[in-house]
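One file, data-v7.csv, carrying CSV, C-alpha atoms:
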```
chain,number,residue,atom,x,y,z
A,252,MET,CA,-51.3,45.1,17.5
A,253,ASP,CA,-52.0,47.0,20.7
A,254,HIS,CA,-51.8,43.8,22.7
A,255,LEU,CA,-48.5,42.8,21.0
A,256,LYS,CA,-47.2,46.3,21.8
A,257,SER,CA,-48.2,45.8,25.4
A,258,ALA,CA,-46.5,42.4,25.6
A,259,LEU,CA,-43.3,43.9,24.2
A,260,GLN,CA,-43.5,46.8,26.6
A,261,PHE,CA,-43.9,44.4,29.5
A,262,LEU,CA,-41.2,41.9,28.4
A,263,THR,CA,-38.6,44.2,26.9
A,264,LEU,CA,-37.1,47.7,27.0
A,265,LEU,CA,-37.9,48.5,23.4
A,266,PRO,CA,-38.8,52.2,23.0
A,267,LEU,CA,-42.4,51.8,22.0
A,268,GLY,CA,-43.8,54.7,23.8
A,269,LYS,CA,-45.9,54.8,27.0
A,270,SER,CA,-48.6,52.3,27.4
A,271,GLU,CA,-52.0,53.7,28.3
A,272,THR,CA,-53.4,50.4,29.7
A,273,PHE,CA,-52.0,47.3,31.4
A,274,ASP,CA,-54.3,44.7,29.9
A,275,THR,CA,-52.7,41.4,31.1
A,276,ARG,CA,-55.5,39.3,29.7
A,277,GLY,CA,-55.0,40.8,26.2
A,278,MET,CA,-51.2,40.8,26.1
A,279,THR,CA,-50.5,37.3,27.5
A,280,PRO,CA,-51.4,35.3,24.3
A,281,TYR,CA,-48.8,37.4,22.5
A,282,PHE,CA,-45.8,36.4,24.6
A,283,PRO,CA,-44.7,33.8,22.0
A,284,LEU,CA,-44.8,36.4,19.3
A,285,ALA,CA,-43.0,38.9,21.4
A,286,GLY,CA,-40.3,36.2,21.9
A,287,ILE,CA,-40.0,35.8,18.1
A,288,ILE,CA,-39.3,39.5,17.9
A,289,VAL,CA,-36.7,39.4,20.6
A,290,GLY,CA,-35.1,36.4,18.8
A,291,VAL,CA,-35.0,38.3,15.5
A,292,LEU,CA,-33.3,41.3,17.2
A,293,VAL,CA,-30.7,38.9,18.8
A,294,SER,CA,-30.1,37.1,15.5
A,295,ILE,CA,-29.5,40.4,13.7
A,296,PHE,CA,-27.1,41.6,16.4
A,297,ASP,CA,-25.4,38.2,16.2
A,298,LYS,CA,-24.9,38.4,12.4
A,299,ILE,CA,-23.4,41.9,12.6
A,300,ALA,CA,-21.2,41.1,15.5
A,301,LEU,CA,-19.8,38.0,13.7
A,302,LEU,CA,-18.4,40.3,11.1
A,303,PHE,CA,-16.0,41.8,13.6
A,304,TRP,CA,-15.4,39.4,16.5
A,305,PRO,CA,-14.7,35.6,16.9
A,306,LEU,CA,-17.5,33.3,17.9
A,307,PRO,CA,-16.8,33.0,21.7
A,308,ALA,CA,-16.8,36.8,22.0
A,309,VAL,CA,-20.0,37.1,19.9
A,310,ALA,CA,-21.7,34.5,22.1
A,311,ALA,CA,-20.9,36.5,25.2
A,312,MET,CA,-22.2,39.7,23.5
A,313,ASP,CA,-25.4,37.9,22.5
A,314,VAL,CA,-26.0,36.9,26.1
A,315,VAL,CA,-25.4,40.5,27.3
A,316,PHE,CA,-27.6,41.9,24.5
A,317,LEU,CA,-30.4,39.6,25.4
A,318,ALA,CA,-30.2,40.6,29.0
A,319,ILE,CA,-30.1,44.3,28.2
A,320,LEU,CA,-33.0,43.9,25.7
A,321,THR,CA,-35.2,42.4,28.3
A,322,GLY,CA,-34.0,44.6,31.1
A,323,ALA,CA,-32.7,41.6,33.0
A,324,PHE,CA,-36.4,41.1,33.9
A,325,HIS,CA,-36.4,37.3,34.0
A,326,LEU,CA,-32.9,37.2,35.5
A,327,ASP,CA,-34.1,39.1,38.4
A,328,GLY,CA,-36.9,36.6,38.9
A,329,LEU,CA,-34.4,33.8,38.6
A,330,GLY,CA,-32.2,35.2,41.4
A,331,ASP,CA,-35.2,35.8,43.7
A,332,ALA,CA,-36.7,32.4,43.0
A,333,ALA,CA,-33.4,30.6,43.5
A,334,ASP,CA,-32.9,32.2,46.9
A,335,GLY,CA,-36.4,31.1,48.0
A,336,LEU,CA,-36.7,27.7,46.5
A,337,LEU,CA,-33.2,26.2,46.8
A,338,GLY,CA,-33.2,24.9,50.3
A,339,HIS,CA,-35.5,23.2,52.8
A,340,ARG,CA,-37.5,26.2,53.8
A,341,PRO,CA,-41.3,25.9,54.2
A,342,ARG,CA,-43.6,27.4,51.5
A,343,GLU,CA,-44.4,30.6,53.3
A,344,LYS,CA,-40.8,31.3,54.2
A,345,ALA,CA,-39.7,30.7,50.6
A,346,LEU,CA,-42.4,33.2,49.4
A,347,GLU,CA,-41.2,35.7,51.9
A,348,ILE,CA,-37.6,35.4,50.7
A,349,MET,CA,-38.6,35.8,47.1
A,350,LYS,CA,-40.1,39.2,47.9
A,351,ASP,CA,-36.8,40.4,49.2
A,352,SER,CA,-35.1,42.6,46.5
A,353,ARG,CA,-31.6,41.6,47.7
A,354,ILE,CA,-29.9,38.7,46.1
A,355,GLY,CA,-28.3,35.9,48.1
A,356,ALA,CA,-25.7,33.3,47.4
A,357,MET,CA,-28.2,30.8,45.8
A,358,GLY,CA,-29.6,33.6,43.5
A,359,LEU,CA,-26.1,34.8,42.5
A,360,MET,CA,-25.1,31.2,41.7
A,361,ALA,CA,-28.2,30.5,39.7
A,362,VAL,CA,-27.8,33.7,37.6
A,363,PHE,CA,-24.1,33.0,37.0
A,364,CYS,CA,-24.7,29.4,35.9
A,365,CYS,CA,-27.6,30.4,33.7
A,366,LEU,CA,-25.6,33.0,31.8
A,367,LEU,CA,-22.6,30.6,31.5
A,368,ILE,CA,-24.8,27.9,30.0
A,369,LYS,CA,-26.3,30.3,27.5
A,370,TRP,CA,-22.9,31.4,26.5
A,371,ALA,CA,-21.7,27.8,26.1
A,372,GLY,CA,-24.8,26.9,24.1
A,373,ILE,CA,-24.8,29.9,21.8
A,374,GLN,CA,-21.2,29.6,20.8
A,375,SER,CA,-21.6,25.9,20.0
A,376,LEU,CA,-24.7,26.3,17.7
A,377,ASP,CA,-24.5,24.9,14.2
A,378,SER,CA,-23.6,27.7,11.8
A,379,HIS,CA,-26.1,26.6,9.2
A,380,GLN,CA,-29.1,26.8,11.5
A,381,ARG,CA,-27.8,29.4,14.0
A,382,THR,CA,-30.0,32.2,13.0
A,383,LEU,CA,-33.3,30.3,13.1
A,384,ILE,CA,-32.4,28.8,16.5
A,385,LEU,CA,-31.6,32.2,17.9
A,386,ILE,CA,-35.0,33.3,16.7
A,387,LEU,CA,-37.0,30.4,18.0
A,388,ILE,CA,-35.5,29.8,21.5
A,389,PRO,CA,-36.7,33.2,23.0
A,390,ALA,CA,-40.1,32.4,21.6
A,391,TYR,CA,-40.3,28.9,23.2
A,392,SER,CA,-39.0,30.1,26.5
A,393,ARG,CA,-41.6,32.9,26.7
A,394,SER,CA,-44.3,30.5,25.6
A,395,GLY,CA,-43.6,28.4,28.7
A,396,MET,CA,-45.0,31.2,30.9
A,397,LEU,CA,-48.5,30.6,29.4
A,398,PHE,CA,-48.4,27.0,30.7
A,399,GLY,CA,-47.3,28.2,34.2
A,400,MET,CA,-50.2,30.6,34.3
A,401,ARG,CA,-52.7,28.0,33.0
A,402,PHE,CA,-51.8,25.0,35.2
A,403,LEU,CA,-50.6,26.5,38.5
A,404,PRO,CA,-52.4,28.9,40.9
A,405,TYR,CA,-50.8,32.2,41.8
A,406,GLY,CA,-49.1,32.0,45.2
A,407,ARG,CA,-49.7,35.5,46.5
A,408,SER,CA,-52.7,37.6,47.5
A,409,GLY,CA,-51.3,40.6,45.7
A,410,GLY,CA,-48.5,41.9,43.5
A,411,THR,CA,-48.1,42.6,39.8
A,412,GLY,CA,-48.3,38.9,38.8
A,413,LEU,CA,-51.8,38.5,40.3
A,414,ALA,CA,-53.4,40.3,37.3
A,415,PHE,CA,-52.2,37.6,35.0
A,416,PHE,CA,-54.1,34.9,36.9
A,417,GLN,CA,-57.4,36.6,37.5
A,418,ASN,CA,-58.9,35.0,34.3
A,419,ALA,CA,-57.9,31.5,33.3
A,420,LEU,CA,-56.3,31.1,29.9
A,421,GLU,CA,-58.3,29.4,27.2
A,422,PRO,CA,-57.0,27.0,24.5
A,423,MET,CA,-57.2,29.9,21.9
A,424,ASP,CA,-54.8,31.9,24.1
A,425,PHE,CA,-52.0,29.5,23.0
A,426,ARG,CA,-52.6,30.2,19.3
A,427,TRP,CA,-49.4,32.1,18.7
A,428,MET,CA,-47.4,29.1,19.8
A,429,ILE,CA,-48.2,27.7,16.3
A,430,LEU,CA,-45.7,30.1,14.8
A,431,PRO,CA,-42.5,28.9,16.5
A,432,ALA,CA,-43.8,25.3,16.1
A,433,VAL,CA,-44.2,25.8,12.3
A,434,LEU,CA,-40.8,27.5,12.0
A,435,SER,CA,-39.2,24.6,13.8
A,436,ILE,CA,-40.0,22.4,10.9
A,437,PHE,CA,-37.2,24.1,8.9
A,438,LEU,CA,-34.7,22.7,11.5
A,439,GLY,CA,-35.4,19.2,10.4
A,440,TRP,CA,-34.6,16.6,13.1
A,441,ARG,CA,-33.4,19.4,15.3
A,442,GLY,CA,-36.9,20.9,15.2
A,443,ILE,CA,-38.3,17.6,16.6
A,444,TRP,CA,-35.6,17.6,19.2
A,445,LEU,CA,-36.3,21.3,20.1
A,446,ASN,CA,-40.0,20.5,20.7
A,447,MET,CA,-39.2,17.4,22.7
A,448,VAL,CA,-36.7,19.3,24.9
A,449,PHE,CA,-39.2,22.2,25.4
A,450,ALA,CA,-42.0,19.8,26.5
A,451,LEU,CA,-39.8,17.8,28.8
A,452,THR,CA,-38.1,20.8,30.4
A,453,LEU,CA,-41.5,22.5,30.8
A,454,ALA,CA,-43.0,19.4,32.5
A,455,ALA,CA,-40.0,19.1,34.8
A,456,ILE,CA,-40.1,22.8,35.9
A,457,LEU,CA,-43.9,22.8,36.5
A,458,GLY,CA,-43.7,19.4,38.3
A,459,TYR,CA,-41.0,20.8,40.5
A,460,TYR,CA,-43.0,23.9,41.3
A,461,ARG,CA,-46.1,21.9,42.0
A,462,ASN,CA,-44.3,19.5,44.4
A,463,ARG,CA,-42.2,22.2,46.0
A,464,MET,CA,-44.7,25.1,46.4
A,465,GLY,CA,-48.0,24.0,45.0
A,466,CYS,CA,-48.2,27.4,43.2
A,467,ILE,CA,-46.3,29.9,41.1
A,468,THR,CA,-45.3,33.5,41.4
A,469,GLY,CA,-44.0,36.2,39.0
A,470,ASP,CA,-40.4,35.4,40.1
A,471,MET,CA,-40.9,31.7,39.4
A,472,LEU,CA,-42.3,32.5,36.0
A,473,GLY,CA,-39.2,34.6,35.3
A,474,ALA,CA,-37.0,31.8,36.6
A,475,MET,CA,-38.8,29.3,34.3
A,476,THR,CA,-38.1,31.5,31.3
A,477,GLU,CA,-34.4,31.7,32.0
A,478,VAL,CA,-34.0,28.0,32.8
A,479,MET,CA,-35.9,27.1,29.7
A,480,GLU,CA,-33.8,29.4,27.5
A,481,SER,CA,-30.6,28.1,29.0
A,482,ALA,CA,-31.6,24.5,28.6
A,483,LEU,CA,-32.7,24.9,25.0
A,484,PHE,CA,-29.6,26.8,23.9
A,485,LEU,CA,-27.4,24.1,25.5
A,486,LEU,CA,-29.3,21.1,24.2
A,487,MET,CA,-29.7,22.5,20.7
A,488,ALA,CA,-26.0,22.8,20.5
A,489,ALA,CA,-25.6,19.0,21.2
A,490,GLY,CA,-24.3,18.4,17.6
A,491,TRP,CA,-23.4,14.7,18.3
A,492,LEU,CA,-27.2,14.0,18.3
A,493,PHE,CA,-27.5,14.8,14.6
```
Whole structure given in structure tokens:
Amino acid sequence: MDHLKSALQFLTLLPLGKSETFDTRGMTPYFPLAGIIVGVLVSIFDKIALLFWPLPAVAAMDVVFLAILTGAFHLDGLGDAADGLLGHRPREKALEIMKDSRIGAMGLMAVFCCLLIKWAGIQSLDSHQRTLILILIPAYSRSGMLFGMRFLPYGRSGGTGLAFFQNALEPMDFRWMILPAVLSIFLGWRGIWLNMVFALTLAAILGYYRNRMGCITGDMLGAMTEVMESALFLLMAAGWLF
């Protein structure tokens, strides 16, 4: 439970007290489970909000609540990564730009588009499976970070992200991904679609990172989480497929 608490402290703003250690190796396998907890909180907020407001307004509030709950942690990474990656800059220049705390036009556009896509996807979710989808997508999007850490080298000589790459992840470190995979069975055909979209989106992002940079950084992990979350919400709302 200590490792799960550390994962939640790292990924969210939940008031869980001060952490005495920063055990990256111990907390990383719990990212999918932390995502489940984030999803449960979003789904509870969504159900309560739907009692008072129409669906478009609730979808917007869900997006805001998710950003507040995570301290806009991944959105910050998305903005920095977009500023560095979107363009024809060489690798070292892109890494330098990502270190700049200021946001540029590309970063602002990426964050805006990401939030807009999430809003469009959430307000279009099937009402019968809405709660389970809201629970599962944050888990899948945070599971993607494990693959980034496993299959790409870290691109900097220092920084907070380096600690997550000092020891390679083992197959057992992916064990908590079983939980969202099992829960996705209750979505029926949508569950198969969810897993397919997750795998394809993950492969596309990691392939792009490998070809563009040959490495990954903390900002790129955050960007991957946000892009994955947006893609899954939008594509799970594609009701014409079912």
Could the residues of range 388-414 of chain A that have an atom at most 6 Å from range 464-483 of chain A be listed as a Markdown table, each with its closest atom pair and the distance in Å to one decimal, counting all atoms listed in the file and ordered by chain and ascending residue number?
```
| residue | atom | partner | partner_atom | distance |
| --- | --- | --- | --- | --- |
| A:Ser392 | CA | A:Thr476 | CA | 5.1 |
| A:Arg393 | CA | A:Thr476 | CA | 5.9 |
| A:Met396 | CA | A:Leu472 | CA | 5.9 |
| A:Leu403 | CA | A:Cys466 | CA | 5.4 |
| A:Pro404 | CA | A:Cys466 | CA | 5.0 |
| A:Tyr405 | CA | A:Ile467 | CA | 5.1 |
| A:Gly406 | CA | A:Cys466 | CA | 5.1 |
| A:Gly412 | CA | A:Gly469 | CA | 5.1 |
```
*Please indicate the distance in Å from CA of Gln417 in chain A to CA of Thr275 in chain A, rounded to one decimal place.*
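So the two atoms, CA of Gln417 in chain A and CA of Thr275 in chain A, lie 9.3 Å apart.
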*Please indicate the distance in Å from CA of Ala356 in chain A to CA of His339 in chain A, rounded to one decimal place.*
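Rounded to one decimal, the two atoms are 15.1 Å apart.
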*Skipping near chain neighbours, those fewer than 2 positions away, what residues fall within 7 Å of range 434-450 of chain A using only C-alpha atoms, listed as number ranges by chain?*
A: 380, 430-432, 452-454, 483, 487
*Counting only C-alpha atoms, what is within 12 Å of Thr321 in chain A, bar same-chain residues fewer than 4 positions away, as number ranges by chain?*
A: 258-266, 285-286, 288-290, 292-293, 314-317, 325-327, 389, 393, 473, 476-477
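The smallest atom-to-atom distance between Ala488 in chain A and any of A:Asn462, A:Thr279, A:Ser257, A:Gln374, using all atoms listed in the file, is found for A:Gln374.
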Using all atoms listed in the file, give me every residue within 8 Å of (-24.3, 30.8, 27.0) in file coordinates, as an mmCIF file with C-alpha atoms, keeping the file's coordinate frame.
```
data_model
loop_
_atom_site.group_PDB
_atom_site.id
_atom_site.type_symbol
_atom_site.label_atom_id
_atom_site.label_comp_id
_atom_site.auth_asym_id
_atom_site.auth_seq_id
_atom_site.Cartn_x
_atom_site.Cartn_y
_atom_site.Cartn_z
ATOM 1 C CA ALA A 310 -21.700 34.500 22.100
ATOM 2 C CA ALA A 311 -20.900 36.500 25.200
ATOM 3 C CA VAL A 314 -26.000 36.900 26.100
ATOM 4 C CA CYS A 365 -27.600 30.400 33.700
ATOM 5 C CA LEU A 366 -25.600 33.000 31.800
ATOM 6 C CA LEU A 367 -22.600 30.600 31.500
ATOM 7 C CA ILE A 368 -24.800 27.900 30.000
ATOM 8 C CA LYS A 369 -26.300 30.300 27.500
ATOM 9 C CA TRP A 370 -22.900 31.400 26.500
ATOM 10 C CA ALA A 371 -21.700 27.800 26.100
ATOM 11 C CA GLY A 372 -24.800 26.900 24.100
ATOM 12 C CA ILE A 373 -24.800 29.900 21.800
ATOM 13 C CA GLN A 374 -21.200 29.600 20.800
ATOM 14 C CA SER A 481 -30.600 28.100 29.000
ATOM 15 C CA PHE A 484 -29.600 26.800 23.900
ATOM 16 C CA LEU A 485 -27.400 24.100 25.500
#
```
*Go through A:Phe303, A:Phe398, A:Gly409, A:Ala390 one by one, measure the shortest atom-to-atom distance of each to Asp424 in chain A using only C-alpha atoms, and give the residue with the smallest value.*
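Of the candidates, the smallest distance to Asp424 in chain A is held by A:Phe398.
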*Separation of CA of Ile386 in chain A from CA of Met278 in chain A in Å*: 20.2 Å
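Considering only C-alpha atoms, the residue among A:Ala323, A:Leu329, A:Leu267, A:Met312 positioned nearest to Gly355 in chain A is A:Leu329.
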*Name the residues, using the chain letters and numbers of the file, that sit within 10 Å of (-50.4, 27.3, 31.4) when counting all atoms listed in the file, and give them as JSON, numbers by chain.*
{"A": [394, 395, 396, 397, 398, 399, 400, 401, 402, 403, 404, 419, 420, 421, 422, 424, 425, 457]}
Go ahead and write the selection's residues with C-alpha atoms as a compact mmCIF listing (two decimals), keeping the file's coordinate frame.
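The new file again-v2.txt reads:
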```txt
# COMPACT_ATOMS: atom_id res chain seq x y z
CA SER A 394 -44.30 30.50 25.60
CA GLY A 395 -43.60 28.40 28.70
CA MET A 396 -45.00 31.20 30.90
CA LEU A 397 -48.50 30.60 29.40
CA PHE A 398 -48.40 27.00 30.70
CA GLY A 399 -47.30 28.20 34.20
CA MET A 400 -50.20 30.60 34.30
CA ARG A 401 -52.70 28.00 33.00
CA PHE A 402 -51.80 25.00 35.20
CA LEU A 403 -50.60 26.50 38.50
CA PRO A 404 -52.40 28.90 40.90
CA ALA A 419 -57.90 31.50 33.30
CA LEU A 420 -56.30 31.10 29.90
CA GLU A 421 -58.30 29.40 27.20
CA PRO A 422 -57.00 27.00 24.50
CA ASP A 424 -54.80 31.90 24.10
CA PHE A 425 -52.00 29.50 23.00
CA LEU A 457 -43.90 22.80 36.50
```
N, CA and C atoms are what I want for range 303-332 of chain A; can you complete it accordingly and write them as a CSV table (one decimal), keeping the file's coordinate frame?
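Just written: selection26.csv:
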```
chain,number,residue,atom,x,y,z
A,303,PHE,N,-17.1,41.1,13.0
A,303,PHE,CA,-16.0,41.8,13.6
A,303,PHE,C,-15.3,41.0,14.7
A,304,TRP,N,-16.0,40.1,15.3
A,304,TRP,CA,-15.4,39.4,16.5
A,304,TRP,C,-15.5,37.8,16.3
A,305,PRO,N,-14.6,37.1,17.0
A,305,PRO,CA,-14.7,35.6,16.9
A,305,PRO,C,-15.9,35.1,17.7
A,306,LEU,N,-16.3,33.9,17.4
A,306,LEU,CA,-17.5,33.3,17.9
A,306,LEU,C,-17.6,33.3,19.4
A,307,PRO,N,-16.6,33.0,20.2
A,307,PRO,CA,-16.8,33.0,21.7
A,307,PRO,C,-17.2,34.4,22.2
A,308,ALA,N,-16.5,35.4,21.6
A,308,ALA,CA,-16.8,36.8,22.0
A,308,ALA,C,-18.2,37.2,21.6
A,309,VAL,N,-18.6,36.8,20.4
A,309,VAL,CA,-20.0,37.1,19.9
A,309,VAL,C,-21.0,36.4,20.8
A,310,ALA,N,-20.8,35.2,21.2
A,310,ALA,CA,-21.7,34.5,22.1
A,310,ALA,C,-21.9,35.2,23.4
A,311,ALA,N,-20.8,35.7,23.9
A,311,ALA,CA,-20.9,36.5,25.2
A,311,ALA,C,-21.7,37.8,25.0
A,312,MET,N,-21.4,38.4,23.8
A,312,MET,CA,-22.2,39.7,23.5
A,312,MET,C,-23.7,39.4,23.3
A,313,ASP,N,-24.0,38.3,22.7
A,313,ASP,CA,-25.4,37.9,22.5
A,313,ASP,C,-26.1,37.7,23.8
A,314,VAL,N,-25.4,37.1,24.8
A,314,VAL,CA,-26.0,36.9,26.1
A,314,VAL,C,-26.3,38.3,26.8
A,315,VAL,N,-25.3,39.2,26.7
A,315,VAL,CA,-25.4,40.5,27.3
A,315,VAL,C,-26.5,41.3,26.6
A,316,PHE,N,-26.5,41.2,25.2
A,316,PHE,CA,-27.6,41.9,24.5
A,316,PHE,C,-29.0,41.5,24.9
A,317,LEU,N,-29.1,40.2,25.0
A,317,LEU,CA,-30.4,39.6,25.4
A,317,LEU,C,-30.8,40.1,26.8
A,318,ALA,N,-29.9,40.1,27.7
A,318,ALA,CA,-30.2,40.6,29.0
A,318,ALA,C,-30.6,42.1,29.0
A,319,ILE,N,-29.8,42.9,28.2
A,319,ILE,CA,-30.1,44.3,28.2
A,319,ILE,C,-31.5,44.5,27.5
A,320,LEU,N,-31.7,43.8,26.4
A,320,LEU,CA,-33.0,43.9,25.7
A,320,LEU,C,-34.2,43.7,26.5
A,321,THR,N,-34.1,42.7,27.5
A,321,THR,CA,-35.2,42.4,28.3
A,321,THR,C,-35.1,43.1,29.7
A,322,GLY,N,-34.1,43.9,29.9
A,322,GLY,CA,-34.0,44.6,31.1
A,322,GLY,C,-33.7,43.7,32.3
A,323,ALA,N,-33.0,42.6,32.0
A,323,ALA,CA,-32.7,41.6,33.0
A,323,ALA,C,-34.0,41.2,33.8
A,324,PHE,N,-35.1,41.3,33.2
A,324,PHE,CA,-36.4,41.1,33.9
A,324,PHE,C,-36.5,39.7,34.4
A,325,HIS,N,-36.2,38.7,33.6
A,325,HIS,CA,-36.4,37.3,34.0
A,325,HIS,C,-35.2,36.9,34.9
A,326,LEU,N,-34.0,37.5,34.6
A,326,LEU,CA,-32.9,37.2,35.5
A,326,LEU,C,-33.1,37.6,36.9
A,327,ASP,N,-33.8,38.7,37.1
A,327,ASP,CA,-34.1,39.1,38.4
A,327,ASP,C,-35.0,38.1,39.1
A,328,GLY,N,-36.0,37.6,38.4
A,328,GLY,CA,-36.9,36.6,38.9
A,328,GLY,C,-36.1,35.3,39.2
A,329,LEU,N,-35.2,35.0,38.4
A,329,LEU,CA,-34.4,33.8,38.6
A,329,LEU,C,-33.6,33.9,39.9
A,330,GLY,N,-33.0,35.0,40.1
A,330,GLY,CA,-32.2,35.2,41.4
A,330,GLY,C,-33.1,35.1,42.6
A,331,ASP,N,-34.3,35.8,42.6
A,331,ASP,CA,-35.2,35.8,43.7
A,331,ASP,C,-35.8,34.4,43.9
A,332,ALA,N,-36.1,33.7,42.8
A,332,ALA,CA,-36.7,32.4,43.0
A,332,ALA,C,-35.7,31.4,43.5
```
